[in-house]
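*Asks:* So that you have it, the file is input32.pdb, and it contains PDB, C-alpha atoms:
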ATOM      1  CA  MET P  96      31.499   6.460-137.958
ATOM      2  CA  GLN P  97      30.437   7.171-141.532
ATOM      3  CA  ARG P  98      27.430   5.643-143.269
ATOM      4  CA  GLU P  99      26.077   6.017-146.760
ATOM      5  CA  ASP P 100      22.716   7.190-145.425
ATOM      6  CA  ALA P 101      20.606   7.177-142.265
ATOM      7  CA  TYR P 102      19.404   3.624-142.848
ATOM      8  CA  SER P 103      22.566   1.760-143.823
ATOM      9  CA  GLY P 104      24.607  -0.136-141.265
ATOM     10  CA  PRO P 105      25.950  -0.345-138.805
ATOM     11  CA  LEU P 106      22.885   0.807-136.881
ATOM     12  CA  VAL P 107      24.108   2.603-133.750
ATOM     13  CA  PHE P 108      22.992   5.232-131.269
ATOM     14  CA  SER P 109      25.696   7.912-131.302
ATOM     15  CA  LEU P 110      25.880   9.403-127.813
ATOM     16  CA  THR P 111      28.999  11.499-128.251
ATOM     17  CA  PRO P 112      29.457  15.142-127.227
ATOM     18  CA  MET P 113      29.595  16.120-130.908
ATOM     19  CA  GLY P 114      26.304  14.327-131.532
ATOM     20  CA  LYS P 115      24.504  15.926-128.582
ATOM     21  CA  PRO P 116      21.183  17.371-129.778
ATOM     22  CA  THR P 117      19.826  20.782-128.827
ATOM     23  CA  LEU P 118      16.661  20.853-126.729
ATOM     24  CA  LEU P 119      14.746  21.608-129.917
ATOM     25  CA  GLU P 120      16.239  18.594-131.699
ATOM     26  CA  LEU P 121      15.680  16.413-128.639
ATOM     27  CA  SER P 122      12.060  17.531-128.406
ATOM     28  CA  GLN P 123      11.642  16.564-132.062
ATOM     29  CA  GLN P 124      13.118  13.117-131.350
ATOM     30  CA  TYR P 125      10.642  12.527-128.503
ATOM     31  CA  PHE P 126       7.786  13.745-130.687
ATOM     32  CA  ASP P 127       8.832  11.537-133.602
ATOM     33  CA  ALA P 128       9.129   8.529-131.271
ATOM     34  CA  ALA P 129       5.582   9.132-130.002
ATOM     35  CA  ASP P 130       4.296   9.480-133.559
ATOM     36  CA  THR P 131       6.067   6.265-134.555
ATOM     37  CA  LEU P 132       4.297   4.410-131.744
ATOM     38  CA  VAL P 133       0.922   5.850-132.758
ATOM     39  CA  GLU P 134       1.501   4.896-136.388
ATOM     40  CA  SER P 135       2.355   1.363-135.210
ATOM     41  CA  ILE P 136      -0.938   1.277-133.308
ATOM     42  CA  LYS P 137      -2.883   2.530-136.329
ATOM     43  CA  LYS P 138      -1.235  -0.102-138.555
ATOM     44  CA  GLN P 139      -2.005  -2.766-135.928
ATOM     45  CA  ARG P 140       1.648  -3.631-135.372
ATOM     46  CA  ILE P 141       1.208  -3.209-131.622
ATOM     47  CA  GLU P 142      -1.777  -3.012-129.303
ATOM     48  CA  ASP P 143      -2.686   0.437-128.003
ATOM     49  CA  TYR P 144      -2.712  -0.648-124.356
ATOM     50  CA  LYS P 145       0.867  -1.970-124.591
ATOM     51  CA  VAL P 146       2.368   1.440-125.370
ATOM     52  CA  ALA P 147      -0.186   3.853-123.883
ATOM     53  CA  TYR P 148       1.951   5.322-121.103
ATOM     54  CA  PRO P 149       5.200   5.531-123.103
ATOM     55  CA  THR P 150       3.368   7.240-125.970
ATOM     56  CA  LEU P 151       1.706   9.785-123.697
ATOM     57  CA  TYR P 152       5.004  10.405-121.893
ATOM     58  CA  LEU P 153       6.906  10.931-125.147
ATOM     59  CA  TYR P 154       4.380  13.498-126.395
ATOM     60  CA  ARG P 155       4.304  15.280-123.037
ATOM     61  CA  HIS P 156       8.092  15.363-122.759
ATOM     62  CA  SER P 157       8.470  16.688-126.308
ATOM     63  CA  ILE P 158       6.202  19.594-125.363
ATOM     64  CA  GLU P 159       8.093  20.253-122.123
ATOM     65  CA  LEU P 160      11.437  20.316-123.938
ATOM     66  CA  ILE P 161      10.325  22.615-126.740
ATOM     67  CA  LEU P 162       8.905  25.068-124.204
ATOM     68  CA  LYS P 163      12.207  25.007-122.328
ATOM     69  CA  PHE P 164      14.049  25.576-125.605
ATOM     70  CA  ILE P 165      11.879  28.569-126.489
ATOM     71  CA  THR P 166      12.356  30.186-123.079
ATOM     72  CA  ASP P 167      16.029  29.193-122.885
ATOM     73  CA  SER P 168      15.239  27.810-119.451
ATOM     74  CA  ASN P 169      17.839  26.165-117.256
ATOM     75  CA  GLU P 170      15.223  25.525-114.603
ATOM     76  CA  SER P 171      15.257  21.907-113.483
ATOM     77  CA  THR P 172      11.520  21.469-113.135
ATOM     78  CA  HIS P 173       9.248  19.034-114.881
ATOM     79  CA  ASN P 174       6.156  20.879-113.684
ATOM     80  CA  LEU P 175       4.317  21.618-116.907
ATOM     81  CA  ASN P 176       2.253  24.374-115.275
ATOM     82  CA  THR P 177       5.455  26.187-114.312
ATOM     83  CA  VAL P 178       7.043  25.622-117.721
ATOM     84  CA  THR P 179       3.845  26.834-119.437
ATOM     85  CA  ASP P 180       3.656  29.942-117.247
ATOM     86  CA  ASN P 181       7.326  30.671-118.010
ATOM     87  CA  PHE P 182       6.583  30.323-121.740
ATOM     88  CA  ILE P 183       3.597  32.676-121.598
ATOM     89  CA  ALA P 184       5.591  35.249-119.606
ATOM     90  CA  TYR P 185       8.575  34.922-121.956
ATOM     91  CA  VAL P 186       6.491  35.538-125.067
ATOM     92  CA  SER P 187       4.826  38.549-123.467
ATOM     93  CA  LYS P 188       8.005  40.080-122.026
ATOM     94  CA  ASN P 189      10.477  39.389-124.827
ATOM     95  CA  HIS P 190       8.240  39.547-127.880
ATOM     96  CA  ASN P 191       5.331  41.710-126.708
ATOM     97  CA  GLN P 192       2.815  39.123-127.909
ATOM     98  CA  SER P 193       0.146  36.931-126.356
ATOM     99  CA  VAL P 194       0.086  33.173-126.651
ATOM    100  CA  PRO P 195      -3.111  32.091-128.449
ATOM    101  CA  ASN P 196      -5.772  30.710-126.116
ATOM    102  CA  TRP P 197      -5.935  27.320-127.837
ATOM    103  CA  ILE P 198      -2.219  26.795-127.132
ATOM    104  CA  LYS P 199      -2.555  27.866-123.484
ATOM    105  CA  GLU P 200      -5.612  25.637-123.035
ATOM    106  CA  SER P 201      -3.896  22.640-124.654
ATOM    107  CA  LEU P 202      -0.825  23.065-122.449
ATOM    108  CA  LYS P 203      -2.903  23.487-119.283
ATOM    109  CA  GLU P 204      -4.998  20.422-120.136
ATOM    110  CA  LEU P 205      -1.861  18.326-120.602
ATOM    111  CA  ALA P 206      -0.473  19.743-117.356
ATOM    112  CA  LYS P 207      -3.696  18.887-115.524
ATOM    113  CA  THR P 208      -3.391  15.223-116.473
ATOM    114  CA  ASP P 209       0.335  14.925-115.742
ATOM    115  CA  PRO P 210       1.633  18.095-114.076
ATOM    116  CA  THR P 211       4.986  16.752-112.854
ATOM    117  CA  SER P 212       5.887  14.181-115.494
ATOM    118  CA  THR P 213       5.382  11.228-113.167
ATOM    119  CA  ALA P 214       1.929   9.959-114.125
ATOM    120  CA  PHE P 215       2.937   8.854-117.610
ATOM    121  CA  ARG P 216       6.418   7.695-116.560
ATOM    122  CA  TYR P 217       5.353   5.625-113.554
ATOM    123  CA  ALA P 218       1.611   5.134-114.150
ATOM    124  CA  GLU P 219       0.945   6.919-110.870
ATOM    125  CA  ASP P 220       1.360  10.253-109.167
ATOM    126  CA  LYS P 221       4.678   9.854-107.318
ATOM    127  CA  TYR P 222       3.916  12.916-105.179
ATOM    128  CA  ASN P 223       0.378  11.828-104.229
ATOM    129  CA  GLY P 224      -0.752  15.407-104.734
ATOM    130  CA  LYS P 225       1.800  16.715-102.193
ATOM    131  CA  LYS P 226       4.020  19.644-103.195
ATOM    132  CA  HIS P 227       2.435  19.640-106.664
ATOM    133  CA  PRO P 228      -1.071  19.448-108.097
ATOM    134  CA  PRO P 229      -2.212  15.823-108.268
ATOM    135  CA  SER P 230      -2.202  13.949-111.548
ATOM    136  CA  SER P 231      -5.572  12.940-112.908
ATOM    137  CA  VAL P 232      -4.917   9.728-114.813
ATOM    138  CA  GLU P 233      -7.691   7.665-113.275
ATOM    139  CA  ASP P 234     -10.649   7.115-115.586
ATOM    140  CA  VAL P 235      -9.120   9.035-118.466
ATOM    141  CA  TYR P 236      -9.743   7.810-121.982
ATOM    142  CA  VAL P 237      -7.472   9.151-124.678
ATOM    143  CA  TYR P 238      -8.585   8.598-128.248
ATOM    144  CA  VAL P 239      -5.298   7.824-129.948
ATOM    145  CA  VAL P 240      -5.881   9.366-133.380
ATOM    146  CA  ASN P 241      -7.502  12.526-131.983
ATOM    147  CA  PHE P 242      -4.705  12.934-129.448
ATOM    148  CA  GLN P 243      -2.065  12.497-132.140
ATOM    149  CA  LEU P 244      -3.721  15.178-134.276
ATOM    150  CA  ARG P 245      -3.951  17.555-131.335
ATOM    151  CA  MET P 246      -0.346  16.990-130.292
ATOM    152  CA  THR P 247       0.762  17.466-133.895
ATOM    153  CA  GLU P 248      -1.060  20.806-134.133
ATOM    154  CA  LEU P 249       0.379  21.933-130.803
ATOM    155  CA  TYR P 250       3.911  20.790-131.552
ATOM    156  CA  LYS P 251       3.910  22.367-135.031
ATOM    157  CA  ALA P 252       2.735  25.684-133.579
ATOM    158  CA  LEU P 253       5.404  25.587-130.865
ATOM    159  CA  TYR P 254       8.036  24.560-133.403
ATOM    160  CA  ARG P 255       7.159  27.582-135.548
ATOM    161  CA  VAL P 256       7.501  29.774-132.459
ATOM    162  CA  ALA P 257      10.828  28.152-131.563
ATOM    163  CA  THR P 258      12.326  28.610-135.006
ATOM    164  CA  TYR P 259      10.935  32.135-135.416
ATOM    165  CA  PHE P 260      12.268  33.286-132.044
ATOM    166  CA  ALA P 261      15.604  31.602-132.671
ATOM    167  CA  LYS P 262      15.868  33.387-136.031
ATOM    168  CA  THR P 263      14.828  36.695-134.484
ATOM    169  CA  SER P 264      17.309  36.273-131.644
ATOM    170  CA  THR P 265      20.106  35.458-134.095
ATOM    171  CA  GLU P 266      19.252  38.506-136.193
ATOM    172  CA  GLN P 267      19.228  40.668-133.060
ATOM    173  CA  LEU P 268      22.567  39.221-131.976
ATOM    174  CA  ILE P 269      24.103  40.020-135.369
ATOM    175  CA  LYS P 270      22.795  43.598-135.150
ATOM    176  CA  GLU P 271      24.227  43.958-131.641
ATOM    177  CA  MET P 272      27.571  42.587-132.790
ATOM    178  CA  ALA P 273      27.575  45.035-135.711
ATOM    179  CA  LYS P 274      26.976  47.918-133.267
ATOM    180  CA  GLU P 275      29.930  46.796-131.138
ATOM    181  CA  ILE P 276      32.240  46.773-134.176
ATOM    182  CA  LYS P 277      31.399  50.419-135.019
TER     183      LYS P 277
END
Can you present the structure in this file as structure tokens?
*Replies:*
Amino acid sequence: MQREDAYSGPLVFSLTPMGKPTLLELSQQYFDAADTLVESIKKQRIEDYKVAYPTLYLYRHSIELILKFITDSNESTHNLNTVTDNFIAYVSKNHNQSVPNWIKESLKELAKTDPTSTAFRYAEDKYNGKKHPPSSVEDVYVYVVNFQLRMTELYKALYRVATYFAKTSTEQLIKEMAKEIK
């Protein structure tokens, strides 16, 4: 289906195999959706309490997906502590670098509030602290604008990592292919 631009009709969601996004692209879509909700709150188009959990979930899920993209993980976990630990280990092992403390702390703080991706999706800890660390969503106040800024900083940093590593990996692959040809 061809359109003149992204905003002309017909407006459709294209869920075809050819239109399937990468994890990086999907993480960007979740992040953009969260940002759109926050901008709607800031412009008083919707009340903050009406979209609190979806907004928090969208930000959290965007972070989970970009970490999985970076580590090329096929692991079917939503445990953000596990995904974060995999990311830290991946960066150390494959790129001989350390993840900056502010990134680790931001990821661990997000994981502490919603470790298994159930607190923001269901407004409760579906595991009741069993099998996984408990969620801590009771008596938590999230200042919308500050949280948006923090998530933006974190996502931008992870996006730079994702695109740098992808570029590096592609360059390494090309070098390896060139060796095989010789």
*Asks:* I need the residue set behind the PyMOL selection byres ((chain P and resi 237-253) around 9) for this file; please write it as a list in words.
*Replies:*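 The output of the PyMOL selection byres ((chain P and resi 237-253) around 9) on this file is Gln123, Phe126, Ala129, Asp130, Val133, Ile136, Lys137, Asp143, Ala147, Tyr154, Arg155, Ser157, Ile158, Ile161, Leu162, Ile165, Trp197, Ile198, Ser201, Leu202, Val235, Tyr236, Tyr254, Arg255, Val256, Ala257 and Thr258 of chain P.
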*Asks:* Please dump the current selection as an mmCIF file, keeping the file's coordinate frame; keep C-alpha atoms.
*Replies:*
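Listing of selection-v8.cif after writing:
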data_model
loop_
_atom_site.group_PDB
_atom_site.id
_atom_site.type_symbol
_atom_site.label_atom_id
_atom_site.label_comp_id
_atom_site.auth_asym_id
_atom_site.auth_seq_id
_atom_site.Cartn_x
_atom_site.Cartn_y
_atom_site.Cartn_z
ATOM 1 C CA GLN P 123 11.642 16.564 -132.062
ATOM 2 C CA PHE P 126 7.786 13.745 -130.687
ATOM 3 C CA ALA P 129 5.582 9.132 -130.002
ATOM 4 C CA ASP P 130 4.296 9.480 -133.559
ATOM 5 C CA VAL P 133 0.922 5.850 -132.758
ATOM 6 C CA ILE P 136 -0.938 1.277 -133.308
ATOM 7 C CA LYS P 137 -2.883 2.530 -136.329
ATOM 8 C CA ASP P 143 -2.686 0.437 -128.003
ATOM 9 C CA ALA P 147 -0.186 3.853 -123.883
ATOM 10 C CA TYR P 154 4.380 13.498 -126.395
ATOM 11 C CA ARG P 155 4.304 15.280 -123.037
ATOM 12 C CA SER P 157 8.470 16.688 -126.308
ATOM 13 C CA ILE P 158 6.202 19.594 -125.363
ATOM 14 C CA ILE P 161 10.325 22.615 -126.740
ATOM 15 C CA LEU P 162 8.905 25.068 -124.204
ATOM 16 C CA ILE P 165 11.879 28.569 -126.489
ATOM 17 C CA TRP P 197 -5.935 27.320 -127.837
ATOM 18 C CA ILE P 198 -2.219 26.795 -127.132
ATOM 19 C CA SER P 201 -3.896 22.640 -124.654
ATOM 20 C CA LEU P 202 -0.825 23.065 -122.449
ATOM 21 C CA VAL P 235 -9.120 9.035 -118.466
ATOM 22 C CA TYR P 236 -9.743 7.810 -121.982
ATOM 23 C CA TYR P 254 8.036 24.560 -133.403
ATOM 24 C CA ARG P 255 7.159 27.582 -135.548
ATOM 25 C CA VAL P 256 7.501 29.774 -132.459
ATOM 26 C CA ALA P 257 10.828 28.152 -131.563
ATOM 27 C CA THR P 258 12.326 28.610 -135.006
#
*Asks:* When distances are computed from all atoms listed in the file, which of P:His156, P:Gly114, P:Phe260, P:Glu170 shows the smallest separation from Val186 in chain P?
*Replies:* P:Phe260
*Asks:* Any chance you could resolve the PyMOL selection byres ((chain P and resi 164) around 9) against this file and give the residues as a list of chain:residue names?
*Replies:*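 This file gives the following for the PyMOL selection byres ((chain P and resi 164) around 9): P:Thr117, P:Leu118, P:Leu119, P:Ser122, P:Glu159, P:Leu160, P:Ile161, P:Leu162, P:Lys163, P:Ile165, P:Thr166, P:Asp167, P:Ser168, P:Ala257.
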*Asks:* One decimal, Å: what's the distance from CA of Leu106 in chain P over to CA of Glu134 in chain P, could you say?
*Replies:*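 According to the coordinates, CA of Leu106 in chain P and CA of Glu134 in chain P are separated by 21.8 Å.
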*Asks:* Measure the distance from CA of Thr179 in chain P to CA of Asn191 in chain P in Å and round it to one decimal.
*Replies:*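 It comes out at 16.6 Å.
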*Asks:* Just give me the gap between CA of Ser103 in chain P and CA of Thr150 in chain P in Å, one decimal is fine.
*Replies:*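 It comes out at 26.8 Å.
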*Asks:* List the spatial neighbours of Tyr152 in chain P as a list in words - criterion: any atom at most 7 Å away, all atoms listed in the file, same-chain residues fewer than 4 positions off excluded.
*Replies:*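 That gives Tyr148, His156, Phe215 and Arg216 of chain P.
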*Asks:* Might I get the box with edges along x, y and z of the file that holds all atoms of range 174-177 of chain P listed there, padded by 6 Å on every side, given as centre and edge lengths in Å to one decimal, as JSON?
*Replies:*
{"center_x": 4.2, "center_y": 23.5, "center_z": -115.3, "size_x": 15.9, "size_y": 17.3, "size_z": 15.2}
